[in-house]
2 protein chains.
Amino acid sequence: MNILFDIDDTLFPSSEFSALARKNALNAMIGMGLDHDYNDLNERLDAIIKEKGPNYARHFDDLCKELKIMKPARFIASAVAAYHDTKASIAPYPKVPLTLIKLKEENHSLFIATNGNSVKQWDKLIRLGIELYFDRVFVSEDIGREKDVGFYKKVLELLGARPGECVMVGDREDADIIPSKKAGLITVRVLTGKHAHVPSTADHTIRDISELLPIVKNL
Amino acid sequence: MNILFDIDDTLFPSSEFSALARKNALNAMIGMGLDHDYNDLNERLDAIIKEKGPNYARHFDDLCKELKIMKPARFIASAVAAYHDTKASIAPYPKVPLTLIKLKEENHSLFIATNGNSVKQWDKLIRLGIELYFDRVFVSEDIGREKDVGFYKKVLELLGARPGECVMVGDREDADIIPSKKAGLITVRVLTGKHAHVPSTADHTIRDISELLPIVKNL
């Protein structure tokens with residue numbers, strides 16, 4: 001079997017780490033002497049991230065500008081350092097490494113199918129220490145489209161595989177399950193991350209990645 | 001006394017960490033499967049850094065382009081992660097924290113006088129864990145000129161201090177000693193880092209930062 005995995009909130013708790021990174025960054029600014037209410041800082045940062053998007057690199061510069069801080073370098077530096085340190089310490093969901101190695105032992109081929117920036121998504125795989133498990137990594141930036149039916153059809157073409165030989169594993173109905181199912185793949189929805197409450201239309205629905213093993217065995 | 005310190009190669013072995021960061025980055029690319037001679041990679045990277053300057057952010061992108069790597073994301077990500085991890089692990093010269101705390105106990109005021117980008121220089125102080133020792137941090141980017149006589153005169157003006165009340169401590173004749181001496185400051189040259197071989201014209205010359213303590217006591 002060819003088993004394709006999403007990364008964020010499927011292989012590691014991406015939403016939790018992002019929230020923690022922001023929290024650590026704001027606390028580092030306060031620790032550096034910024035005399036400002038934490039909740040207000042958090043709301044302002046949220047608004048900046050919503051407006052500029054997650055790939056913008058100067059969120060904390062903007063925050064300091066909004067607060068009219070005259071000498072912002074110390075606050076920007078402390079925030080960015082704490083933010084990056086948290087992002088560098090990401091770890092997979094507990095059962096992920098063992099599940100991946102067992103799938104390899106059973107001679108399945110593993111792949112990544114993810115939306116985002118190639119370098120950023122590779123950075124996550126490397127930080128998670130799981131990059132060597134995957135034969136190929138398909139990132140929307142390289143494929144030229146985000147995970148829609150066309151994305152999955154293109155991946156099938158690149159793999160030279162029929163849809164029934166491929167399993168897509170992910171946490172999101174919109175990007176992981178609905179379009180890949182339309183392209184004919186076997187779908188497995190894992191109920192992790194902030195979208196866990198969304199009803200599943202996948203062929204199989206699991207609560208932990210390790211439940212993938214018996215499913216794949218019975219295919 | 002007002003005691004001003006340079007950062008790079010004065011408070012921590014900056015040149016050594018930069019060399020180590022590059023080495024770790026290139027080794028990470030090789031570890032990721034790049035089949036290329038290490039020394040050739042190193043020479044190419046050196047040339048790119050020389051051409052684009054140290055504050056350029058896409059050295060490894062350029063290196064991959066030069067090598068005509070088709071899918072560079074994995075190599076860029078592994079190089080940048082190893083590079084940043086090394087830069088995040090910088091530590092002061094062994095006697096630096098103890099010397100700073102002793103100077104504080106003797107009621108001296110400590111300052112930073114450094115060339116560079118404000119956020120980057122603040123990041124170093126934070127990573128070194130010594131940012132709270134300094135009353136003010138003077139970075140060339142904020143002052144509007146690199147460390148020449150005018151830079152030091154401006155710093156004296158900002159401190160409201162006479163030159164004879166100020167000591168400048170640094171590793172470089174050109175940026176730390178010659179111009180600050182011309183501005184009337186007391187100068188201490190510390191023979192650390194890659195410029196240690198350059199003859200000293202400072203009022204005092206030391207091999208280790210801790211030798212600053214008896215010098216300041218006798219002023």
# chains A, B, ... in the order shown; residues from 1 in each chain; ligands from 1
call {"tool": "interface_residues", "arguments": {"of": "chain B", "to": "chain A", "cutoff": "12 Å", "atoms": "only C-alpha atoms", "output": "count of residues only"}}
result
52
call {"tool": "select_by_dssp", "arguments": {"residues": "range 5-212 of chain A", "states": "alpha helix (DSSP H)", "output": "PDB file with N, CA and C atoms, in the first residue's frame"}}
result
ATOM      1  N   SER A  14       0.117  20.445  16.092  1.00  0.00           N
ATOM      2  CA  SER A  14       0.523  21.720  15.503  1.00  0.00           C
ATOM      3  C   SER A  14      -0.170  22.923  16.154  1.00  0.00           C
ATOM      4  N   SER A  15      -1.509  22.827  16.321  1.00  0.00           N
ATOM      5  CA  SER A  15      -2.251  23.966  16.888  1.00  0.00           C
ATOM      6  C   SER A  15      -1.779  24.266  18.307  1.00  0.00           C
ATOM      7  N   GLU A  16      -1.548  23.212  19.071  1.00  0.00           N
ATOM      8  CA  GLU A  16      -1.096  23.414  20.469  1.00  0.00           C
ATOM      9  C   GLU A  16       0.278  24.082  20.518  1.00  0.00           C
ATOM     10  N   PHE A  17       1.182  23.625  19.647  1.00  0.00           N
ATOM     11  CA  PHE A  17       2.525  24.212  19.645  1.00  0.00           C
ATOM     12  C   PHE A  17       2.493  25.663  19.173  1.00  0.00           C
ATOM     13  N   SER A  18       1.637  25.969  18.212  1.00  0.00           N
ATOM     14  CA  SER A  18       1.537  27.358  17.751  1.00  0.00           C
ATOM     15  C   SER A  18       1.048  28.259  18.874  1.00  0.00           C
ATOM     16  N   ALA A  19       0.019  27.784  19.607  1.00  0.00           N
ATOM     17  CA  ALA A  19      -0.513  28.577  20.718  1.00  0.00           C
ATOM     18  C   ALA A  19       0.560  28.759  21.796  1.00  0.00           C
ATOM     19  N   LEU A  20       1.304  27.680  22.073  1.00  0.00           N
ATOM     20  CA  LEU A  20       2.353  27.734  23.092  1.00  0.00           C
ATOM     21  C   LEU A  20       3.483  28.675  22.654  1.00  0.00           C
ATOM     22  N   ALA A  21       3.831  28.635  21.367  1.00  0.00           N
ATOM     23  CA  ALA A  21       4.898  29.504  20.855  1.00  0.00           C
ATOM     24  C   ALA A  21       4.523  30.977  21.033  1.00  0.00           C
ATOM     25  N   ARG A  22       3.262  31.305  20.742  1.00  0.00           N
ATOM     26  CA  ARG A  22       2.806  32.691  20.914  1.00  0.00           C
ATOM     27  C   ARG A  22       2.835  33.098  22.382  1.00  0.00           C
ATOM     28  N   LYS A  23       2.362  32.183  23.226  1.00  0.00           N
ATOM     29  CA  LYS A  23       2.330  32.456  24.670  1.00  0.00           C
ATOM     30  C   LYS A  23       3.747  32.685  25.202  1.00  0.00           C
ATOM     31  N   ASN A  24       4.664  31.801  24.825  1.00  0.00           N
ATOM     32  CA  ASN A  24       6.046  31.937  25.290  1.00  0.00           C
ATOM     33  C   ASN A  24       6.671  33.236  24.780  1.00  0.00           C
ATOM     34  N   ALA A  25       6.320  33.620  23.551  1.00  0.00           N
ATOM     35  CA  ALA A  25       6.865  34.846  22.977  1.00  0.00           C
ATOM     36  C   ALA A  25       6.366  36.074  23.741  1.00  0.00           C
ATOM     37  N   LEU A  26       5.069  36.114  24.013  1.00  0.00           N
ATOM     38  CA  LEU A  26       4.512  37.274  24.737  1.00  0.00           C
ATOM     39  C   LEU A  26       5.055  37.318  26.161  1.00  0.00           C
ATOM     40  N   ASN A  27       5.170  36.156  26.810  1.00  0.00           N
ATOM     41  CA  ASN A  27       5.739  36.128  28.161  1.00  0.00           C
ATOM     42  C   ASN A  27       7.198  36.574  28.161  1.00  0.00           C
ATOM     43  N   ALA A  28       7.934  36.254  27.087  1.00  0.00           N
ATOM     44  CA  ALA A  28       9.332  36.696  27.005  1.00  0.00           C
ATOM     45  C   ALA A  28       9.405  38.220  26.897  1.00  0.00           C
ATOM     46  N   MET A  29       8.458  38.827  26.175  1.00  0.00           N
ATOM     47  CA  MET A  29       8.425  40.294  26.075  1.00  0.00           C
ATOM     48  C   MET A  29       8.150  40.923  27.448  1.00  0.00           C
ATOM     49  N   ILE A  30       7.211  40.323  28.177  1.00  0.00           N
ATOM     50  CA  ILE A  30       6.893  40.824  29.525  1.00  0.00           C
ATOM     51  C   ILE A  30       8.099  40.621  30.436  1.00  0.00           C
ATOM     52  N   GLY A  31       8.752  39.475  30.306  1.00  0.00           N
ATOM     53  CA  GLY A  31       9.960  39.197  31.096  1.00  0.00           C
ATOM     54  C   GLY A  31      11.084  40.173  30.802  1.00  0.00           C
ATOM     55  N   TYR A  38      -1.210  40.928  29.501  1.00  0.00           N
ATOM     56  CA  TYR A  38      -0.997  39.774  28.641  1.00  0.00           C
ATOM     57  C   TYR A  38      -2.149  39.544  27.675  1.00  0.00           C
ATOM     58  N   ASN A  39      -3.384  39.618  28.193  1.00  0.00           N
ATOM     59  CA  ASN A  39      -4.536  39.310  27.339  1.00  0.00           C
ATOM     60  C   ASN A  39      -4.692  40.311  26.201  1.00  0.00           C
ATOM     61  N   ASP A  40      -4.375  41.568  26.499  1.00  0.00           N
ATOM     62  CA  ASP A  40      -4.438  42.575  25.437  1.00  0.00           C
ATOM     63  C   ASP A  40      -3.362  42.302  24.381  1.00  0.00           C
ATOM     64  N   LEU A  41      -2.161  41.950  24.831  1.00  0.00           N
ATOM     65  CA  LEU A  41      -1.087  41.589  23.884  1.00  0.00           C
ATOM     66  C   LEU A  41      -1.536  40.427  22.999  1.00  0.00           C
ATOM     67  N   ASN A  42      -2.132  39.428  23.618  1.00  0.00           N
ATOM     68  CA  ASN A  42      -2.562  38.228  22.914  1.00  0.00           C
ATOM     69  C   ASN A  42      -3.614  38.544  21.852  1.00  0.00           C
ATOM     70  N   GLU A  43      -4.569  39.412  22.205  1.00  0.00           N
ATOM     71  CA  GLU A  43      -5.614  39.807  21.245  1.00  0.00           C
ATOM     72  C   GLU A  43      -5.018  40.577  20.074  1.00  0.00           C
ATOM     73  N   ARG A  44      -4.097  41.476  20.377  1.00  0.00           N
ATOM     74  CA  ARG A  44      -3.465  42.258  19.303  1.00  0.00           C
ATOM     75  C   ARG A  44      -2.658  41.344  18.374  1.00  0.00           C
ATOM     76  N   LEU A  45      -1.914  40.406  18.958  1.00  0.00           N
ATOM     77  CA  LEU A  45      -1.112  39.486  18.147  1.00  0.00           C
ATOM     78  C   LEU A  45      -2.015  38.623  17.263  1.00  0.00           C
ATOM     79  N   ASP A  46      -3.095  38.130  17.846  1.00  0.00           N
ATOM     80  CA  ASP A  46      -4.077  37.351  17.081  1.00  0.00           C
ATOM     81  C   ASP A  46      -4.569  38.122  15.868  1.00  0.00           C
ATOM     82  N   ALA A  47      -4.898  39.383  16.082  1.00  0.00           N
ATOM     83  CA  ALA A  47      -5.420  40.215  14.994  1.00  0.00           C
ATOM     84  C   ALA A  47      -4.360  40.404  13.905  1.00  0.00           C
ATOM     85  N   ILE A  48      -3.105  40.591  14.316  1.00  0.00           N
ATOM     86  CA  ILE A  48      -2.013  40.782  13.347  1.00  0.00           C
ATOM     87  C   ILE A  48      -1.818  39.493  12.529  1.00  0.00           C
ATOM     88  N   ILE A  49      -1.835  38.344  13.224  1.00  0.00           N
ATOM     89  CA  ILE A  49      -1.658  37.065  12.518  1.00  0.00           C
ATOM     90  C   ILE A  49      -2.809  36.845  11.537  1.00  0.00           C
ATOM     91  N   LYS A  50      -4.033  37.181  11.970  1.00  0.00           N
ATOM     92  CA  LYS A  50      -5.200  37.019  11.074  1.00  0.00           C
ATOM     93  C   LYS A  50      -5.049  37.905   9.844  1.00  0.00           C
ATOM     94  N   GLU A  51      -4.580  39.129  10.058  1.00  0.00           N
ATOM     95  CA  GLU A  51      -4.491  40.076   8.942  1.00  0.00           C
ATOM     96  C   GLU A  51      -3.338  39.716   7.992  1.00  0.00           C
ATOM     97  N   LYS A  52      -2.173  39.401   8.552  1.00  0.00           N
ATOM     98  CA  LYS A  52      -0.972  39.215   7.719  1.00  0.00           C
ATOM     99  C   LYS A  52      -0.725  37.768   7.299  1.00  0.00           C
ATOM    100  N   HIS A  59       5.523  39.697  12.699  1.00  0.00           N
ATOM    101  CA  HIS A  59       4.395  39.897  13.596  1.00  0.00           C
ATOM    102  C   HIS A  59       4.760  40.722  14.823  1.00  0.00           C
ATOM    103  N   PHE A  60       5.937  40.420  15.397  1.00  0.00           N
ATOM    104  CA  PHE A  60       6.294  41.074  16.654  1.00  0.00           C
ATOM    105  C   PHE A  60       6.789  42.500  16.413  1.00  0.00           C
ATOM    106  N   ASP A  61       7.366  42.749  15.240  1.00  0.00           N
ATOM    107  CA  ASP A  61       7.692  44.118  14.852  1.00  0.00           C
ATOM    108  C   ASP A  61       6.417  44.955  14.811  1.00  0.00           C
ATOM    109  N   ASP A  62       5.370  44.393  14.174  1.00  0.00           N
ATOM    110  CA  ASP A  62       4.094  45.103  14.059  1.00  0.00           C
ATOM    111  C   ASP A  62       3.468  45.344  15.430  1.00  0.00           C
ATOM    112  N   LEU A  63       3.541  44.333  16.291  1.00  0.00           N
ATOM    113  CA  LEU A  63       2.970  44.464  17.633  1.00  0.00           C
ATOM    114  C   LEU A  63       3.646  45.619  18.384  1.00  0.00           C
ATOM    115  N   CYS A  64       4.981  45.689  18.307  1.00  0.00           N
ATOM    116  CA  CYS A  64       5.714  46.767  18.985  1.00  0.00           C
ATOM    117  C   CYS A  64       5.342  48.130  18.399  1.00  0.00           C
ATOM    118  N   LYS A  65       5.132  48.169  17.095  1.00  0.00           N
ATOM    119  CA  LYS A  65       4.744  49.427  16.442  1.00  0.00           C
ATOM    120  C   LYS A  65       3.386  49.878  16.957  1.00  0.00           C
ATOM    121  N   GLU A  66       2.441  48.932  17.023  1.00  0.00           N
ATOM    122  CA  GLU A  66       1.095  49.239  17.527  1.00  0.00           C
ATOM    123  C   GLU A  66       1.140  49.801  18.933  1.00  0.00           C
ATOM    124  N   ALA A  73      13.871  46.705  19.787  1.00  0.00           N
ATOM    125  CA  ALA A  73      14.760  45.580  19.428  1.00  0.00           C
ATOM    126  C   ALA A  73      14.784  44.505  20.514  1.00  0.00           C
ATOM    127  N   ARG A  74      14.870  44.921  21.783  1.00  0.00           N
ATOM    128  CA  ARG A  74      14.983  43.924  22.852  1.00  0.00           C
ATOM    129  C   ARG A  74      13.714  43.065  22.939  1.00  0.00           C
ATOM    130  N   PHE A  75      12.557  43.683  22.693  1.00  0.00           N
ATOM    131  CA  PHE A  75      11.290  42.949  22.787  1.00  0.00           C
ATOM    132  C   PHE A  75      11.097  42.025  21.583  1.00  0.00           C
ATOM    133  N   ILE A  76      11.437  42.533  20.404  1.00  0.00           N
ATOM    134  CA  ILE A  76      11.337  41.694  19.199  1.00  0.00           C
ATOM    135  C   ILE A  76      12.276  40.497  19.331  1.00  0.00           C
ATOM    136  N   ALA A  77      13.525  40.764  19.750  1.00  0.00           N
ATOM    137  CA  ALA A  77      14.509  39.676  19.863  1.00  0.00           C
ATOM    138  C   ALA A  77      14.056  38.624  20.867  1.00  0.00           C
ATOM    139  N   SER A  78      13.535  39.057  22.028  1.00  0.00           N
ATOM    140  CA  SER A  78      13.141  38.079  23.043  1.00  0.00           C
ATOM    141  C   SER A  78      11.923  37.290  22.580  1.00  0.00           C
ATOM    142  N   ALA A  79      10.984  37.957  21.916  1.00  0.00           N
ATOM    143  CA  ALA A  79       9.786  37.266  21.421  1.00  0.00           C
ATOM    144  C   ALA A  79      10.161  36.245  20.349  1.00  0.00           C
ATOM    145  N   VAL A  80      10.971  36.666  19.383  1.00  0.00           N
ATOM    146  CA  VAL A  80      11.331  35.784  18.270  1.00  0.00           C
ATOM    147  C   VAL A  80      12.136  34.576  18.775  1.00  0.00           C
ATOM    148  N   ALA A  81      13.052  34.823  19.723  1.00  0.00           N
ATOM    149  CA  ALA A  81      13.851  33.719  20.279  1.00  0.00           C
ATOM    150  C   ALA A  81      12.948  32.695  20.968  1.00  0.00           C
ATOM    151  N   ALA A  82      12.023  33.159  21.800  1.00  0.00           N
ATOM    152  CA  ALA A  82      11.123  32.240  22.513  1.00  0.00           C
ATOM    153  C   ALA A  82      10.213  31.512  21.531  1.00  0.00           C
ATOM    154  N   TYR A  83       9.737  32.237  20.523  1.00  0.00           N
ATOM    155  CA  TYR A  83       8.860  31.649  19.502  1.00  0.00           C
ATOM    156  C   TYR A  83       9.590  30.531  18.748  1.00  0.00           C
ATOM    157  N   HIS A  84      10.800  30.828  18.268  1.00  0.00           N
ATOM    158  CA  HIS A  84      11.558  29.839  17.506  1.00  0.00           C
ATOM    159  C   HIS A  84      11.965  28.646  18.359  1.00  0.00           C
ATOM    160  N   ASP A  85      12.337  28.910  19.615  1.00  0.00           N
ATOM    161  CA  ASP A  85      12.724  27.801  20.496  1.00  0.00           C
ATOM    162  C   ASP A  85      11.559  26.837  20.694  1.00  0.00           C
ATOM    163  N   THR A  86      10.356  27.389  20.830  1.00  0.00           N
ATOM    164  CA  THR A  86       9.189  26.520  21.005  1.00  0.00           C
ATOM    165  C   THR A  86       8.933  25.729  19.729  1.00  0.00           C
ATOM    166  N   LYS A  87       9.001  26.410  18.584  1.00  0.00           N
ATOM    167  CA  LYS A  87       8.774  25.742  17.293  1.00  0.00           C
ATOM    168  C   LYS A  87       9.848  24.681  17.014  1.00  0.00           C
ATOM    169  N   ALA A  88      11.053  24.889  17.574  1.00  0.00           N
ATOM    170  CA  ALA A  88      12.142  23.928  17.359  1.00  0.00           C
ATOM    171  C   ALA A  88      11.980  22.687  18.238  1.00  0.00           C
ATOM    172  N   VAL A  96       3.156   8.037  16.990  1.00  0.00           N
ATOM    173  CA  VAL A  96       3.501   8.237  15.573  1.00  0.00           C
ATOM    174  C   VAL A  96       4.768   7.488  15.149  1.00  0.00           C
ATOM    175  N   PRO A  97       5.911   7.647  15.848  1.00  0.00           N
ATOM    176  CA  PRO A  97       7.119   6.973  15.358  1.00  0.00           C
ATOM    177  C   PRO A  97       6.969   5.452  15.293  1.00  0.00           C
ATOM    178  N   LEU A  98       6.392   4.862  16.347  1.00  0.00           N
ATOM    179  CA  LEU A  98       6.218   3.411  16.377  1.00  0.00           C
ATOM    180  C   LEU A  98       5.280   2.933  15.262  1.00  0.00           C
ATOM    181  N   THR A  99       4.222   3.691  15.014  1.00  0.00           N
ATOM    182  CA  THR A  99       3.288   3.327  13.943  1.00  0.00           C
ATOM    183  C   THR A  99       3.977   3.379  12.580  1.00  0.00           C
ATOM    184  N   LEU A 100       4.770   4.421  12.356  1.00  0.00           N
ATOM    185  CA  LEU A 100       5.461   4.562  11.075  1.00  0.00           C
ATOM    186  C   LEU A 100       6.447   3.405  10.857  1.00  0.00           C
ATOM    187  N   ILE A 101       7.202   3.072  11.898  1.00  0.00           N
ATOM    188  CA  ILE A 101       8.204   2.012  11.730  1.00  0.00           C
ATOM    189  C   ILE A 101       7.530   0.656  11.497  1.00  0.00           C
ATOM    190  N   LYS A 102       6.391   0.441  12.159  1.00  0.00           N
ATOM    191  CA  LYS A 102       5.668  -0.826  11.938  1.00  0.00           C
ATOM    192  C   LYS A 102       5.131  -0.909  10.518  1.00  0.00           C
ATOM    193  N   LEU A 103       4.636   0.200  10.000  1.00  0.00           N
ATOM    194  CA  LEU A 103       4.146   0.221   8.616  1.00  0.00           C
ATOM    195  C   LEU A 103       5.294  -0.061   7.644  1.00  0.00           C
ATOM    196  N   LYS A 104       6.464   0.491   7.943  1.00  0.00           N
ATOM    197  CA  LYS A 104       7.640   0.223   7.100  1.00  0.00           C
ATOM    198  C   LYS A 104       8.000  -1.270   7.150  1.00  0.00           C
ATOM    199  N   GLU A 105       7.971  -1.842   8.355  1.00  0.00           N
ATOM    200  CA  GLU A 105       8.295  -3.265   8.524  1.00  0.00           C
ATOM    201  C   GLU A 105       7.347  -4.150   7.733  1.00  0.00           C
ATOM    202  N   SER A 118       7.214  24.589   1.165  1.00  0.00           N
ATOM    203  CA  SER A 118       8.043  23.372   1.169  1.00  0.00           C
ATOM    204  C   SER A 118       9.089  23.362   2.274  1.00  0.00           C
ATOM    205  N   VAL A 119       9.838  24.456   2.377  1.00  0.00           N
ATOM    206  CA  VAL A 119      10.916  24.488   3.379  1.00  0.00           C
ATOM    207  C   VAL A 119      10.334  24.373   4.785  1.00  0.00           C
ATOM    208  N   LYS A 120       9.226  25.079   5.047  1.00  0.00           N
ATOM    209  CA  LYS A 120       8.601  25.025   6.380  1.00  0.00           C
ATOM    210  C   LYS A 120       8.096  23.627   6.702  1.00  0.00           C
ATOM    211  N   GLN A 121       7.496  22.953   5.735  1.00  0.00           N
ATOM    212  CA  GLN A 121       6.967  21.610   5.991  1.00  0.00           C
ATOM    213  C   GLN A 121       8.113  20.608   6.175  1.00  0.00           C
ATOM    214  N   TRP A 122       9.184  20.762   5.388  1.00  0.00           N
ATOM    215  CA  TRP A 122      10.364  19.915   5.597  1.00  0.00           C
ATOM    216  C   TRP A 122      10.975  20.177   6.965  1.00  0.00           C
ATOM    217  N   ASP A 123      11.014  21.445   7.369  1.00  0.00           N
ATOM    218  CA  ASP A 123      11.557  21.778   8.689  1.00  0.00           C
ATOM    219  C   ASP A 123      10.795  21.022   9.777  1.00  0.00           C
ATOM    220  N   LYS A 124       9.476  20.953   9.659  1.00  0.00           N
ATOM    221  CA  LYS A 124       8.682  20.229  10.659  1.00  0.00           C
ATOM    222  C   LYS A 124       9.060  18.743  10.692  1.00  0.00           C
ATOM    223  N   LEU A 125       9.159  18.119   9.505  1.00  0.00           N
ATOM    224  CA  LEU A 125       9.521  16.686   9.465  1.00  0.00           C
ATOM    225  C   LEU A 125      10.875  16.441  10.122  1.00  0.00           C
ATOM    226  N   ILE A 126      11.823  17.345   9.842  1.00  0.00           N
ATOM    227  CA  ILE A 126      13.169  17.200  10.408  1.00  0.00           C
ATOM    228  C   ILE A 126      13.126  17.383  11.922  1.00  0.00           C
ATOM    229  N   ARG A 127      12.410  18.445  12.378  1.00  0.00           N
ATOM    230  CA  ARG A 127      12.288  18.699  13.822  1.00  0.00           C
ATOM    231  C   ARG A 127      11.604  17.533  14.532  1.00  0.00           C
ATOM    232  N   LEU A 128      10.659  16.896  13.848  1.00  0.00           N
ATOM    233  CA  LEU A 128       9.943  15.757  14.437  1.00  0.00           C
ATOM    234  C   LEU A 128      10.784  14.484  14.407  1.00  0.00           C
ATOM    235  N   SER A 140       1.986  21.274  -1.313  1.00  0.00           N
ATOM    236  CA  SER A 140       1.150  22.028  -2.261  1.00  0.00           C
ATOM    237  C   SER A 140       1.972  23.056  -3.046  1.00  0.00           C
ATOM    238  N   GLU A 141       2.941  23.685  -2.372  1.00  0.00           N
ATOM    239  CA  GLU A 141       3.758  24.686  -3.066  1.00  0.00           C
ATOM    240  C   GLU A 141       4.447  24.093  -4.303  1.00  0.00           C
ATOM    241  N   ASP A 142       4.913  22.845  -4.185  1.00  0.00           N
ATOM    242  CA  ASP A 142       5.599  22.195  -5.315  1.00  0.00           C
ATOM    243  C   ASP A 142       4.611  21.671  -6.362  1.00  0.00           C
ATOM    244  N   ILE A 143       3.483  21.144  -5.876  1.00  0.00           N
ATOM    245  CA  ILE A 143       2.481  20.558  -6.782  1.00  0.00           C
ATOM    246  C   ILE A 143       1.781  21.674  -7.573  1.00  0.00           C
ATOM    247  N   VAL A 149      -9.110  17.939  -5.274  1.00  0.00           N
ATOM    248  CA  VAL A 149      -9.149  16.694  -6.056  1.00  0.00           C
ATOM    249  C   VAL A 149      -7.968  16.650  -7.035  1.00  0.00           C
ATOM    250  N   GLY A 150      -7.677  17.795  -7.667  1.00  0.00           N
ATOM    251  CA  GLY A 150      -6.578  17.867  -8.634  1.00  0.00           C
ATOM    252  C   GLY A 150      -5.226  17.570  -8.005  1.00  0.00           C
ATOM    253  N   PHE A 151      -5.035  18.028  -6.774  1.00  0.00           N
ATOM    254  CA  PHE A 151      -3.797  17.747  -6.048  1.00  0.00           C
ATOM    255  C   PHE A 151      -3.615  16.232  -5.913  1.00  0.00           C
ATOM    256  N   TYR A 152      -4.666  15.550  -5.445  1.00  0.00           N
ATOM    257  CA  TYR A 152      -4.544  14.102  -5.213  1.00  0.00           C
ATOM    258  C   TYR A 152      -4.380  13.342  -6.522  1.00  0.00           C
ATOM    259  N   LYS A 153      -5.048  13.816  -7.596  1.00  0.00           N
ATOM    260  CA  LYS A 153      -4.879  13.164  -8.905  1.00  0.00           C
ATOM    261  C   LYS A 153      -3.443  13.308  -9.394  1.00  0.00           C
ATOM    262  N   LYS A 154      -2.875  14.482  -9.168  1.00  0.00           N
ATOM    263  CA  LYS A 154      -1.490  14.727  -9.561  1.00  0.00           C
ATOM    264  C   LYS A 154      -0.538  13.815  -8.776  1.00  0.00           C
ATOM    265  N   VAL A 155      -0.802  13.653  -7.477  1.00  0.00           N
ATOM    266  CA  VAL A 155       0.025  12.778  -6.641  1.00  0.00           C
ATOM    267  C   VAL A 155      -0.050  11.333  -7.137  1.00  0.00           C
ATOM    268  N   LEU A 156      -1.260  10.884  -7.455  1.00  0.00           N
ATOM    269  CA  LEU A 156      -1.420   9.517  -8.000  1.00  0.00           C
ATOM    270  C   LEU A 156      -0.585   9.349  -9.264  1.00  0.00           C
ATOM    271  N   GLU A 157      -0.622  10.372 -10.113  1.00  0.00           N
ATOM    272  CA  GLU A 157       0.137  10.349 -11.366  1.00  0.00           C
ATOM    273  C   GLU A 157       1.640  10.256 -11.071  1.00  0.00           C
ATOM    274  N   LEU A 158       2.089  11.071 -10.142  1.00  0.00           N
ATOM    275  CA  LEU A 158       3.515  11.070  -9.795  1.00  0.00           C
ATOM    276  C   LEU A 158       3.947   9.741  -9.186  1.00  0.00           C
ATOM    277  N   LEU A 159       3.040   9.112  -8.441  1.00  0.00           N
ATOM    278  CA  LEU A 159       3.357   7.816  -7.833  1.00  0.00           C
ATOM    279  C   LEU A 159       3.211   6.681  -8.849  1.00  0.00           C
ATOM    280  N   ILE A 178     -12.389  14.777   2.037  1.00  0.00           N
ATOM    281  CA  ILE A 178     -13.353  14.948   0.939  1.00  0.00           C
ATOM    282  C   ILE A 178     -12.681  14.916  -0.441  1.00  0.00           C
ATOM    283  N   PRO A 179     -11.636  15.733  -0.684  1.00  0.00           N
ATOM    284  CA  PRO A 179     -11.044  15.711  -2.034  1.00  0.00           C
ATOM    285  C   PRO A 179     -10.309  14.409  -2.367  1.00  0.00           C
ATOM    286  N   SER A 180      -9.663  13.790  -1.391  1.00  0.00           N
ATOM    287  CA  SER A 180      -8.918  12.552  -1.688  1.00  0.00           C
ATOM    288  C   SER A 180      -9.899  11.410  -1.956  1.00  0.00           C
ATOM    289  N   LYS A 181     -11.035  11.428  -1.240  1.00  0.00           N
ATOM    290  CA  LYS A 181     -12.072  10.416  -1.468  1.00  0.00           C
ATOM    291  C   LYS A 181     -12.636  10.566  -2.886  1.00  0.00           C
ATOM    292  N   LYS A 182     -12.848  11.828  -3.290  1.00  0.00           N
ATOM    293  CA  LYS A 182     -13.332  12.091  -4.653  1.00  0.00           C
ATOM    294  C   LYS A 182     -12.342  11.581  -5.701  1.00  0.00           C
ATOM    295  N   LEU A 212      -4.345   2.860  12.906  1.00  0.00           N
ATOM    296  CA  LEU A 212      -4.160   2.700  11.467  1.00  0.00           C
ATOM    297  C   LEU A 212      -3.658   1.291  11.124  1.00  0.00           C
TER     298      LEU A 212
END
call {"tool": "closest_residue", "arguments": {"among": "A:Ile3, A:Val216, A:Leu191, A:Leu34", "to": "Pro163 in chain A", "atoms": "only C-alpha atoms"}}
result
A:Ile3
call {"tool": "residues_around", "arguments": {"residues": "Ser200 in chain B", "least_positions_apart": "2", "cutoff": "8 Å", "atoms": "only C-alpha atoms", "output": "number ranges by chain"}}
result
B: 173, 189, 198, 202, 205
call {"tool": "write_last_selection", "arguments": {"atoms": "N, CA and C atoms", "output": "compact mmCIF listing (two decimals), in the first residue's frame"}}
result
# COMPACT_ATOMS: atom_id res chain seq x y z
N GLU B 173 40.96 46.50 17.32
CA GLU B 173 41.62 47.80 17.25
C GLU B 173 40.77 48.80 16.47
N ARG B 189 41.80 46.45 25.68
CA ARG B 189 41.74 45.50 24.58
C ARG B 189 41.85 44.08 25.13
N VAL B 198 46.42 40.98 16.24
CA VAL B 198 46.67 42.38 15.88
C VAL B 198 47.27 43.12 17.08
N ALA B 202 45.84 49.88 22.98
CA ALA B 202 44.94 50.28 24.06
C ALA B 202 45.69 50.68 25.32
N THR B 205 45.85 46.02 28.07
CA THR B 205 45.63 44.86 27.21
C THR B 205 45.55 43.62 28.09
call {"tool": "residues_around", "arguments": {"residues": "Arg172 in chain A", "least_positions_apart": "3", "cutoff": "10 Å", "atoms": "only C-alpha atoms", "output": "list in words"}}
result
Asp6, Asp8, Asp9, Thr10, Val169, Ala175, Asp176, Ile177, Ile178, Arg189, Val190, Leu191, Thr192, Gly193, Lys194, His195, Ala196, Val198, Pro199 and Ser200 of chain A
